[in-house]
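Raw contents of final.csv, CSV, C-alpha atoms and all ligand atoms:
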chain,number,residue,atom,x,y,z
A,20,MET,CA,-152.6,-42.0,60.4
A,21,THR,CA,-152.3,-45.8,60.5
A,22,ARG,CA,-150.2,-47.0,63.4
A,23,LEU,CA,-147.5,-49.4,62.6
A,24,PRO,CA,-146.6,-52.2,65.0
A,25,VAL,CA,-142.9,-51.4,65.2
A,26,ARG,CA,-141.3,-53.4,68.1
A,27,ALA,CA,-141.6,-51.3,71.2
A,28,ASP,CA,-137.8,-51.5,71.9
A,29,LEU,CA,-137.1,-50.0,68.4
A,30,ALA,CA,-139.6,-47.1,68.7
A,31,GLY,CA,-137.9,-43.7,68.4
A,32,LEU,CA,-134.4,-45.0,67.8
A,33,GLU,CA,-132.0,-43.6,65.1
A,34,PRO,CA,-130.2,-46.0,62.7
A,35,TYR,CA,-126.5,-46.6,63.6
A,36,GLY,CA,-123.9,-45.2,61.2
A,37,ALA,CA,-121.0,-42.8,61.1
A,38,PRO,CA,-121.6,-39.8,58.9
A,39,GLN,CA,-120.8,-40.4,55.2
A,40,LEU,CA,-119.6,-36.9,54.3
A,41,ASP,CA,-118.0,-36.0,51.1
A,42,VAL,CA,-114.8,-34.4,52.4
A,43,PRO,CA,-111.3,-34.6,51.1
A,44,VAL,CA,-109.7,-36.6,54.0
A,45,ARG,CA,-111.9,-39.3,55.5
A,46,LEU,CA,-110.3,-40.9,58.5
A,47,ASN,CA,-113.5,-41.9,60.4
A,48,VAL,CA,-114.4,-45.6,59.8
A,49,ASN,CA,-111.0,-47.4,59.8
A,50,GLU,CA,-111.0,-48.3,56.1
A,51,ASN,CA,-107.9,-49.1,54.2
A,52,PRO,CA,-107.1,-45.8,52.4
A,53,TYR,CA,-105.7,-47.5,49.3
A,54,ALA,CA,-108.1,-48.4,46.5
A,55,PRO,CA,-107.5,-51.8,44.9
A,56,SER,CA,-104.9,-51.8,42.1
A,57,PRO,CA,-105.9,-52.1,38.4
A,58,ASP,CA,-104.8,-55.8,38.5
A,59,VAL,CA,-107.1,-56.6,41.4
A,60,VAL,CA,-110.0,-54.6,39.8
A,61,ASP,CA,-109.5,-56.5,36.5
A,62,ASP,CA,-109.5,-59.9,38.2
A,63,ILE,CA,-112.7,-59.0,40.2
A,64,ALA,CA,-114.4,-57.7,37.1
A,65,ARG,CA,-113.6,-60.8,35.1
A,66,SER,CA,-114.7,-63.1,37.9
A,67,VAL,CA,-117.9,-61.2,38.5
A,68,ALA,CA,-118.6,-61.4,34.7
A,69,ARG,CA,-118.2,-65.2,34.8
A,70,ALA,CA,-120.5,-65.4,37.9
A,71,ALA,CA,-123.1,-63.1,36.1
A,72,ALA,CA,-123.5,-65.8,33.4
A,73,GLY,CA,-124.9,-68.2,36.0
A,74,LEU,CA,-127.0,-65.8,38.0
A,75,ASN,CA,-130.2,-67.6,37.0
A,76,ARG,CA,-129.1,-70.2,39.6
A,77,TYR,CA,-128.8,-69.8,43.3
A,78,PRO,CA,-125.2,-69.7,44.5
A,79,ASP,CA,-123.2,-72.5,46.2
A,80,ARG,CA,-124.9,-72.1,49.6
A,81,ASP,CA,-121.9,-73.6,51.4
A,82,PHE,CA,-119.3,-71.5,49.5
A,83,SER,CA,-116.8,-74.3,49.6
A,84,GLU,CA,-114.2,-72.7,47.3
A,85,LEU,CA,-114.3,-69.5,49.3
A,86,ARG,CA,-113.9,-71.3,52.6
A,87,ALA,CA,-110.8,-73.1,51.3
A,88,ALA,CA,-109.4,-69.8,50.1
A,89,LEU,CA,-110.0,-68.2,53.4
A,90,ALA,CA,-108.4,-71.1,55.2
A,91,ASP,CA,-105.3,-70.7,53.0
A,92,TYR,CA,-105.2,-67.0,53.7
A,93,LEU,CA,-105.4,-67.5,57.5
A,94,ALA,CA,-102.6,-70.0,57.3
A,95,ALA,CA,-100.4,-67.5,55.4
A,96,GLU,CA,-101.3,-64.6,57.7
A,97,SER,CA,-101.1,-66.2,61.1
A,98,GLY,CA,-99.4,-69.6,60.6
A,99,VAL,CA,-102.6,-71.5,61.8
A,100,ARG,CA,-103.8,-74.1,59.3
A,101,LEU,CA,-107.5,-74.8,59.6
A,102,ASP,CA,-109.8,-77.3,57.9
A,103,PRO,CA,-112.0,-75.2,55.6
A,104,ALA,CA,-115.0,-76.8,57.3
A,105,LEU,CA,-114.1,-74.7,60.4
A,106,ILE,CA,-114.6,-71.5,58.5
A,107,TRP,CA,-117.9,-69.7,58.0
A,108,ALA,CA,-118.5,-66.4,56.2
A,109,ALA,CA,-121.3,-63.9,55.8
A,110,ASN,CA,-121.9,-60.3,54.6
A,111,GLY,CA,-119.4,-58.6,56.9
A,112,SER,CA,-118.4,-59.7,60.3
A,113,ASN,CA,-121.4,-57.8,61.6
A,114,GLU,CA,-123.5,-60.4,60.0
A,115,VAL,CA,-121.3,-63.3,61.3
A,116,MET,CA,-121.7,-62.1,64.9
A,117,THR,CA,-125.4,-61.4,64.5
A,118,GLN,CA,-125.8,-65.0,63.3
A,119,ILE,CA,-123.9,-66.2,66.4
A,120,LEU,CA,-126.4,-64.4,68.5
A,121,GLN,CA,-129.3,-65.7,66.4
A,122,ALA,CA,-128.2,-69.2,67.1
A,123,PHE,CA,-126.9,-68.9,70.7
A,124,GLY,CA,-128.6,-65.8,72.1
A,125,GLY,CA,-132.3,-64.9,71.9
A,126,PRO,CA,-135.0,-64.5,74.6
A,127,GLY,CA,-133.9,-65.8,78.0
A,128,ARG,CA,-130.2,-65.6,76.9
A,129,THR,CA,-127.5,-63.1,77.8
A,130,VAL,CA,-124.5,-61.6,75.9
A,131,VAL,CA,-121.7,-59.9,77.8
A,132,SER,CA,-119.1,-57.4,76.7
A,133,PHE,CA,-116.7,-54.9,78.3
A,134,ALA,CA,-116.7,-51.2,77.6
A,135,PRO,CA,-115.4,-49.2,75.9
A,136,THR,CA,-115.8,-51.4,72.9
A,137,TYR,CA,-117.5,-51.6,69.5
A,138,SER,CA,-120.9,-50.0,69.7
A,139,MET,CA,-122.6,-52.4,67.3
A,140,TYR,CA,-122.4,-55.3,69.9
A,141,HIS,CA,-125.2,-53.7,71.8
A,142,GLU,CA,-127.3,-53.7,68.5
A,143,TYR,CA,-126.6,-57.4,67.8
A,144,ALA,CA,-128.1,-58.0,71.2
A,145,ARG,CA,-131.1,-55.8,70.7
A,146,ASP,CA,-131.8,-57.1,67.3
A,147,THR,CA,-131.8,-60.8,68.5
A,148,SER,CA,-133.7,-60.0,71.7
A,149,THR,CA,-130.7,-61.1,73.7
A,150,ARG,CA,-130.2,-59.5,77.2
A,151,TRP,CA,-127.3,-57.2,77.1
A,152,VAL,CA,-124.9,-56.9,80.0
A,153,GLN,CA,-121.9,-54.6,79.8
A,154,GLY,CA,-118.9,-54.6,82.2
A,155,SER,CA,-116.1,-52.2,82.0
A,156,ARG,CA,-112.4,-52.5,81.0
A,157,ARG,CA,-109.6,-51.3,83.3
A,158,ALA,CA,-108.1,-47.8,82.9
A,159,ASP,CA,-105.4,-49.5,80.8
A,160,HIS,CA,-108.2,-50.8,78.5
A,161,CYS,CA,-107.4,-54.5,79.4
A,162,LEU,CA,-109.9,-56.7,81.1
A,163,ASP,CA,-110.3,-56.7,84.9
A,164,LEU,CA,-110.3,-60.5,85.2
A,165,GLU,CA,-111.9,-60.4,88.6
A,166,GLU,CA,-114.8,-58.4,87.2
A,167,VAL,CA,-115.0,-60.8,84.2
A,168,GLU,CA,-115.2,-63.7,86.6
A,169,ARG,CA,-117.9,-62.1,88.7
A,170,ILE,CA,-120.0,-61.1,85.7
A,171,LEU,CA,-119.7,-64.5,83.9
A,172,ARG,CA,-120.6,-66.4,87.1
A,173,ALA,CA,-123.5,-64.1,87.9
A,174,GLU,CA,-125.0,-63.6,84.4
A,175,ARG,CA,-124.2,-67.0,82.8
A,176,PRO,CA,-124.0,-65.6,79.3
A,177,SER,CA,-124.3,-67.8,76.3
A,178,VAL,CA,-121.9,-65.4,74.4
A,179,VAL,CA,-119.1,-63.1,75.4
A,180,LEU,CA,-117.9,-60.6,72.8
A,181,LEU,CA,-114.3,-59.4,73.1
A,182,ALA,CA,-112.7,-57.2,70.5
A,183,SER,CA,-109.0,-57.6,70.2
A,184,PRO,CA,-107.6,-55.3,68.9
A,185,ASN,CA,-110.4,-53.3,70.5
A,186,ASN,CA,-112.3,-50.6,68.8
A,187,PRO,CA,-112.1,-47.7,69.7
A,188,THR,CA,-109.0,-48.1,71.9
A,189,GLY,CA,-106.8,-50.0,69.3
A,190,THR,CA,-105.4,-52.1,72.2
A,191,SER,CA,-105.1,-55.9,72.2
A,192,LEU,CA,-105.9,-58.3,75.0
A,193,PRO,CA,-102.9,-60.2,76.3
A,194,VAL,CA,-103.1,-63.8,75.2
A,195,GLU,CA,-102.8,-65.0,78.8
A,196,ASP,CA,-106.0,-62.9,79.6
A,197,GLN,CA,-107.7,-64.5,76.7
A,198,ARG,CA,-106.8,-68.0,78.0
A,199,ARG,CA,-108.0,-67.1,81.5
A,200,VAL,CA,-111.4,-65.9,80.1
A,201,LEU,CA,-111.6,-69.1,77.9
A,202,ASP,CA,-110.9,-71.4,80.9
A,203,LEU,CA,-113.4,-69.6,83.0
A,204,ALA,CA,-116.0,-69.5,80.2
A,205,ALA,CA,-115.8,-73.3,79.7
A,206,GLY,CA,-118.4,-73.6,82.5
A,207,THR,CA,-120.3,-70.3,82.8
A,208,GLY,CA,-122.9,-70.7,80.1
A,209,PRO,CA,-126.6,-71.2,80.7
A,210,LEU,CA,-127.9,-74.5,82.0
A,211,VAL,CA,-128.5,-76.9,79.1
A,212,ASP,CA,-130.0,-80.3,79.7
A,213,GLY,CA,-129.7,-79.7,83.4
A,214,GLY,CA,-126.0,-78.9,83.4
A,215,PRO,CA,-123.9,-75.8,82.8
A,216,SER,CA,-122.8,-75.2,79.3
A,217,ALA,CA,-119.9,-73.1,78.1
A,218,SER,CA,-120.2,-69.4,77.2
A,219,LEU,CA,-119.0,-68.9,73.6
A,220,VAL,CA,-116.1,-66.5,73.6
A,221,VAL,CA,-116.0,-64.4,70.4
A,222,VAL,CA,-112.7,-62.8,69.9
A,223,ASP,CA,-113.4,-60.2,67.2
A,224,GLU,CA,-110.2,-59.7,65.3
A,225,ALA,CA,-111.5,-57.3,62.7
A,226,TYR,CA,-108.2,-55.5,63.0
A,227,GLY,CA,-106.1,-58.6,63.6
A,228,GLU,CA,-103.7,-58.1,60.7
A,229,PHE,CA,-102.5,-54.8,62.0
A,230,ARG,CA,-101.3,-56.3,65.3
A,231,ARG,CA,-97.7,-55.4,66.2
A,232,ASP,CA,-94.9,-58.0,66.0
A,233,GLY,CA,-95.0,-60.5,68.8
A,234,VAL,CA,-98.8,-60.1,69.4
A,235,PRO,CA,-100.3,-63.5,68.7
A,236,SER,CA,-103.7,-64.1,67.0
A,237,ALA,CA,-106.5,-65.9,69.0
A,238,LEU,CA,-106.5,-68.4,66.1
A,239,GLU,CA,-103.6,-70.1,67.9
A,240,LEU,CA,-106.0,-70.9,70.8
A,241,LEU,CA,-108.7,-72.6,68.6
A,242,ALA,CA,-107.3,-76.1,68.8
A,243,ASP,CA,-107.7,-76.3,72.6
A,244,HIS,CA,-111.0,-74.3,73.0
A,245,PRO,CA,-114.1,-75.6,71.3
A,246,HIS,CA,-116.1,-72.6,72.7
A,247,LEU,CA,-113.8,-70.0,71.0
A,248,VAL,CA,-114.9,-68.1,67.9
A,249,VAL,CA,-112.4,-65.9,66.1
A,250,SER,CA,-114.1,-63.4,63.9
A,251,ARG,CA,-112.2,-61.7,61.0
A,252,THR,CA,-113.1,-59.4,58.1
A,253,MET,CA,-111.9,-58.4,54.6
A,254,SER,CA,-113.2,-54.9,55.3
A,255,LYS,CA,-110.1,-53.5,57.1
A,256,ALA,CA,-106.5,-54.7,56.3
A,257,PHE,CA,-107.7,-56.4,53.1
A,258,GLY,CA,-109.1,-53.2,51.8
A,259,MET,CA,-112.4,-54.6,50.8
A,260,ALA,CA,-115.0,-52.8,53.0
A,261,GLY,CA,-117.3,-52.4,50.0
A,262,LEU,CA,-117.3,-56.1,49.3
A,263,ARG,CA,-119.0,-57.0,52.6
A,264,LEU,CA,-117.2,-60.2,53.5
A,265,GLY,CA,-116.6,-61.3,57.1
A,266,TYR,CA,-115.8,-64.7,58.4
A,267,MET,CA,-115.1,-66.7,61.5
A,268,ALA,CA,-113.1,-69.8,62.5
A,269,CYS,CA,-114.5,-72.1,65.2
A,270,ASP,CA,-115.6,-75.6,66.1
A,271,ARG,CA,-117.7,-77.4,63.6
A,272,ARG,CA,-120.7,-77.6,66.0
A,273,ILE,CA,-120.9,-73.8,66.2
A,274,ILE,CA,-121.1,-73.6,62.4
A,275,ASP,CA,-123.7,-76.3,62.4
A,276,ALA,CA,-125.8,-74.2,64.7
A,277,VAL,CA,-125.3,-71.0,62.7
A,278,MET,CA,-126.4,-72.9,59.5
A,279,LEU,CA,-129.8,-73.3,61.2
A,280,VAL,CA,-130.4,-69.6,61.3
A,281,ARG,CA,-128.7,-68.2,58.3
A,282,LEU,CA,-130.9,-67.0,55.5
A,283,PRO,CA,-130.9,-69.3,52.4
A,284,TYR,CA,-128.1,-68.5,50.0
A,285,HIS,CA,-127.0,-65.5,52.1
A,286,LEU,CA,-123.7,-65.1,50.3
A,287,SER,CA,-124.4,-64.1,46.7
A,288,ALA,CA,-122.5,-65.6,43.7
A,289,VAL,CA,-121.2,-62.1,43.0
A,290,THR,CA,-119.8,-61.7,46.5
A,291,GLN,CA,-118.2,-65.2,46.4
A,292,ALA,CA,-116.6,-64.5,43.0
A,293,ALA,CA,-115.3,-61.1,44.0
A,294,ALA,CA,-113.9,-62.3,47.3
A,295,LEU,CA,-112.2,-65.2,45.7
A,296,ALA,CA,-110.6,-62.9,43.1
A,297,ALA,CA,-109.4,-60.5,45.9
A,298,LEU,CA,-107.9,-63.4,47.9
A,299,ARG,CA,-105.9,-64.4,44.8
A,300,HIS,CA,-104.0,-61.1,45.3
A,301,ARG,CA,-103.5,-61.5,49.0
A,302,ASP,CA,-99.7,-60.9,48.8
A,303,GLU,CA,-100.2,-57.5,47.2
A,304,LEU,CA,-102.9,-56.5,49.5
A,305,MET,CA,-101.0,-57.7,52.6
A,306,ALA,CA,-97.9,-55.8,51.6
A,307,GLN,CA,-99.8,-52.6,52.2
A,308,VAL,CA,-100.4,-53.6,55.8
A,309,ALA,CA,-96.8,-53.2,56.7
A,310,GLY,CA,-96.9,-49.7,55.4
A,311,LEU,CA,-100.0,-48.9,57.3
A,312,ARG,CA,-98.6,-50.2,60.5
A,313,ALA,CA,-95.5,-48.1,60.1
A,314,GLU,CA,-97.7,-45.1,59.3
A,315,ARG,CA,-99.7,-45.8,62.5
A,316,ASP,CA,-96.7,-46.1,64.7
A,317,GLY,CA,-95.4,-42.8,63.2
A,318,LEU,CA,-98.7,-41.1,64.0
A,319,VAL,CA,-98.6,-42.3,67.6
A,320,ASP,CA,-95.1,-41.0,68.0
A,321,TRP,CA,-96.0,-37.6,66.4
A,322,LEU,CA,-99.0,-37.2,68.7
A,323,ARG,CA,-97.0,-37.9,71.7
A,324,SER,CA,-94.2,-35.6,70.6
A,325,LYS,CA,-96.8,-32.8,70.4
A,326,GLY,CA,-97.9,-33.5,74.0
A,327,PHE,CA,-101.1,-35.4,73.2
A,328,ASP,CA,-102.0,-38.7,74.9
A,329,ALA,CA,-102.1,-41.5,72.3
A,330,LEU,CA,-102.8,-45.2,73.1
A,331,ASP,CA,-100.5,-47.9,71.7
A,332,SER,CA,-102.4,-49.4,68.8
A,333,ASP,CA,-102.6,-52.8,67.2
A,334,ALA,CA,-105.2,-51.5,64.8
A,335,ASN,CA,-105.3,-49.1,61.9
A,336,PHE,CA,-106.5,-46.2,64.0
A,337,VAL,CA,-105.3,-44.3,67.1
A,338,LEU,CA,-107.3,-43.0,70.1
A,339,PHE,CA,-105.8,-39.7,71.1
A,340,GLY,CA,-106.7,-36.8,73.4
A,341,ARG,CA,-107.4,-35.5,75.8
A,342,PHE,CA,-109.6,-32.5,75.0
A,343,ASP,CA,-111.9,-30.4,77.2
A,344,ASP,CA,-114.2,-30.0,74.3
A,345,ARG,CA,-113.6,-32.9,71.8
A,346,ASP,CA,-116.6,-31.9,69.7
A,347,ALA,CA,-115.0,-28.5,69.0
A,348,VAL,CA,-111.8,-30.2,67.9
A,349,PHE,CA,-113.8,-32.6,65.7
A,350,ARG,CA,-115.7,-29.7,64.1
A,351,ALA,CA,-112.5,-27.6,63.6
A,352,LEU,CA,-110.9,-30.6,61.8
A,353,LEU,CA,-114.0,-31.0,59.6
A,354,ASP,CA,-113.9,-27.3,58.7
A,355,ARG,CA,-110.4,-28.1,57.4
A,356,GLY,CA,-111.6,-31.0,55.3
A,357,VAL,CA,-110.5,-33.8,57.7
A,358,LEU,CA,-113.2,-36.2,59.0
A,359,ILE,CA,-112.4,-38.2,62.1
A,360,ARG,CA,-114.7,-39.8,64.8
A,361,VAL,CA,-116.0,-38.7,68.1
A,362,VAL,CA,-116.0,-42.0,70.0
A,363,GLY,CA,-114.6,-43.6,73.1
A,364,PRO,CA,-114.2,-42.2,76.6
A,365,ASP,CA,-115.0,-38.5,77.1
A,366,GLY,CA,-112.1,-36.3,76.0
A,367,TRP,CA,-110.7,-38.7,73.4
A,368,LEU,CA,-111.0,-38.8,69.6
A,369,ARG,CA,-110.3,-41.6,67.1
A,370,VAL,CA,-108.4,-41.1,63.8
A,371,SER,CA,-107.9,-43.8,61.2
A,372,VAL,CA,-104.6,-44.3,59.6
A,373,GLY,CA,-104.6,-42.9,56.0
A,374,THR,CA,-102.1,-42.4,53.3
A,375,PRO,CA,-99.0,-40.3,54.2
A,376,GLU,CA,-100.7,-37.3,52.5
A,377,GLU,CA,-103.9,-37.8,54.5
A,378,THR,CA,-101.9,-38.2,57.8
A,379,ARG,CA,-100.1,-34.9,56.9
A,380,ALA,CA,-103.4,-33.2,56.3
A,381,PHE,CA,-104.6,-34.4,59.7
A,382,THR,CA,-101.5,-33.5,61.6
A,383,THR,CA,-101.3,-30.0,60.0
A,384,ALA,CA,-104.9,-29.3,60.8
A,385,LEU,CA,-104.6,-30.5,64.3
A,386,GLU,CA,-101.5,-28.4,64.9
A,387,GLU,CA,-103.3,-25.3,63.6
A,388,ILE,CA,-106.3,-25.9,65.8
A,389,THR,CA,-104.4,-26.6,69.0
A,390,ALA,CA,-101.7,-24.0,68.5
B,401,LIG,C1,-114.4,-54.2,66.2
B,401,LIG,C2,-115.1,-54.3,64.9
B,401,LIG,N1,-115.7,-55.5,64.6
B,401,LIG,C3,-116.4,-55.7,63.5
B,401,LIG,C4,-116.6,-54.6,62.6
B,401,LIG,C5,-117.5,-54.9,61.4
B,401,LIG,O1,-116.8,-55.0,60.2
B,401,LIG,P1,-117.5,-55.6,58.9
B,401,LIG,O2,-119.0,-55.9,59.1
B,401,LIG,O3,-117.3,-54.6,57.8
B,401,LIG,O4,-116.8,-56.9,58.7
B,401,LIG,C6,-116.0,-53.4,62.8
B,401,LIG,C7,-116.1,-52.3,61.8
B,401,LIG,O5,-115.8,-51.2,62.0
B,401,LIG,C8,-115.2,-53.2,64.0
B,401,LIG,O6,-114.7,-52.1,64.3
Rewritten as structure tokens:
Amino acid sequence: MTRLPVRADLAGLEPYGAPQLDVPVRLNVNENPYAPSPDVVDDIARSVARAAAGLNRYPDRDFSELRAALADYLAAESGVRLDPALIWAANGSNEVMTQILQAFGGPGRTVVSFAPTYSMYHEYARDTSTRWVQGSRRADHCLDLEEVERILRAERPSVVLLASPNNPTGTSLPVEDQRRVLDLAAGTGPLVDGGPSASLVVVDEAYGEFRRDGVPSALELLADHPHLVVSRTMSKAFGMAGLRLGYMACDRRIIDAVMLVRLPYHLSAVTQAAALAALRHRDELMAQVAGLRAERDGLVDWLRSKGFDALDSDANFVLFGRFDDRDAVFRALLDRGVLIRVVGPDGWLRVSVGTPEETRAFTTALEEITA
């Protein structure tokens, strides 16, 4: 058989991905459980039809209208008003962060993160041939700032990836800790033109909209920190996981660098039209978030009332445990039609927040299994 020259570091690996099983209650990938309303669907359909009439042409490669709409959305959501030129988007925040590593990582460069955290970070590093260094979080899932300092000074990473709220724990990093890391990272990057550069600090706020009252967004730190990137997505709170639209807010020079590596016309005209249509309905979509947050807090309370450990969550999922055999609990839930996720430290499981009916299906099944 002809041998194929697959990269040596990819040989024998399995593709990443949670199981996509056809079961009644899917609480495994932190989606918004509510389908878009008929109004949203109509607006998207009409907008996509208009875009379809011009599909013989390449799309607006700088997606100016979409950047302005995203800037408006961020101002409404977090109170931080940004120039649209400071926003960049791609096909999901996974692509946004991969572009960051394409531009700032690569051979001879290092990216750092702190476990437990989102498992795709390691794959961004691998795919861009960037050296991967992983520290660990403290037992309370916050950063150990001494360890962060030690690793940043020793490894001189060009990029630090911090999820806040974090996946799979659901916990946010206190804003004072984010400031400390940013101050430190201002001089811990690789040598550039004979002097130390900054490490870019990516605060991944994929779940930012679910943060509890009083928890600020890292967007508030942008004005003072040119090496900060805040990553967001329409996949979670916005209920548009199928659209594939992620974006980031950061200094213009970071966007200039990303524009060197992005593929030409990477955001299709169809994606741009659908995202713009969805953003026109932001009030309706955001109203769901309050309900989902309440559902999440209720779920944490219920789990604790039944004697489980459950972490406080600023996201739309809850990490709970602890189980001697978490795989057995996962399988028993699946047998009852409820799909959750085996992820995180040993003994813990992660469940996404669903509709009240889905939550009931989950709690009923869990009670049965553990009775
Ligand atoms: C922490 C975190 N960041 C980023 C993403 C990627 O989201 P998307 O590529 O859909 O924007 C996810 C998805 O689960 C996530 O959990």
Would you kindly return, as a PyMOL selection string, each protein, DNA or RNA residue with an atom no farther than 10 Å from any atom of Gly206 in chain A, considering only C-alpha atoms and excluding same-chain residues fewer than 6 positions away? chain A and resi 171-172+175+214-218
Let me have all residues with an atom within 6 Å of ligand LIG 401 (chain B), counting all atoms listed in the file, laid out as a ChimeraX atom specification. /A:111-113,137,182,185-186,223,225,252,254,260,263,265
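Put simply, CA of Phe123 in chain A is 11.9 Å away from CA of Arg150 in chain A.
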List as a list in words the protein and nucleic acid residues near Ala37 in chain A, meaning an atom at most 10 Å away when all atoms listed in the file are counted, but skip any in the same chain fewer than 6 places from it.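 Near Ala37 in chain A, the qualifying residues are Asn47, Val48, Ile359, Arg360 and Val361 of chain A.
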For Asp41 in chain A, list every protein, DNA or RNA residue within 12 Å, evaluated using all atoms listed in the file, and leave out those in the same chain fewer than 6 positions away; present the list as a list in words.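 Once the adjacent positions are removed, what remains is Asn47, Leu353, Gly356, Val357 and Leu358 of chain A.
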Got a sec: who's within 8 Å of Pro176 in chain A, counting all atoms listed in the file, leaving out chain neighbours fewer than 3 positions off, as a list in words?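 The contact residues come out as Arg128, Thr129, Val130, Val131, Leu171, Val179, Thr207, Gly208, Pro209 and Ser218 of chain A.
Closest approach to Gly258 in chain A among A:Glu228, A:Glu377, A:Asp270, A:Asp344 is made by A:Glu228 (distances from all atoms listed in the file).
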Between A:Trp107, A:Val194, A:Asp232, A:Glu174, which residue has the minimum interatomic distance to Arg80 in chain A, considering all atoms listed in the file? A:Trp107
Smallest atom-to-atom distance to Phe349 in chain A: which of A:Phe336, A:Trp321, A:Phe229, A:Phe381, using all atoms listed in the file? A:Phe381
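Distances from A:Asp159, A:Ser236, A:Ala70, A:Ser177 to Pro135 in chain A were compared using only C-alpha atoms, and the smallest one belongs to A:Asp159.
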For Thr136 in chain A, which residue among A:Val220, A:Val372, A:Leu180, A:Ala351 is the nearest when counting all atoms listed in the file? A:Leu180
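We find CA of Gln153 in chain A and CA of His141 in chain A to be spaced 8.7 Å apart.
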Identify the residues around (-100.7, -35.0, 74.1) within a radius of 12 Å, measuring from only C-alpha atoms in the coordinates stated by the file, and give them as number ranges by chain. A: 318-330, 338-342, 366-368, 385-386, 389
Show me the residues close to (-107.8, -56.4, 50.9) - anything with an atom within 12 Å, counting only C-alpha atoms - and format the list as a ChimeraX atom specification. /A:50-56,59-60,92,228,252-265,293-308
All residues 8 Å or closer to Thr190 in chain A, all atoms listed in the file, same chain fewer than 6 positions away omitted, as a PyMOL selection string: chain A and resi 160-161+183-184+330-334
Separation of CA of Ile106 in chain A and CA of Met267 in chain A, in Å?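 Rounded to one decimal, the two atoms are 5.7 Å apart.
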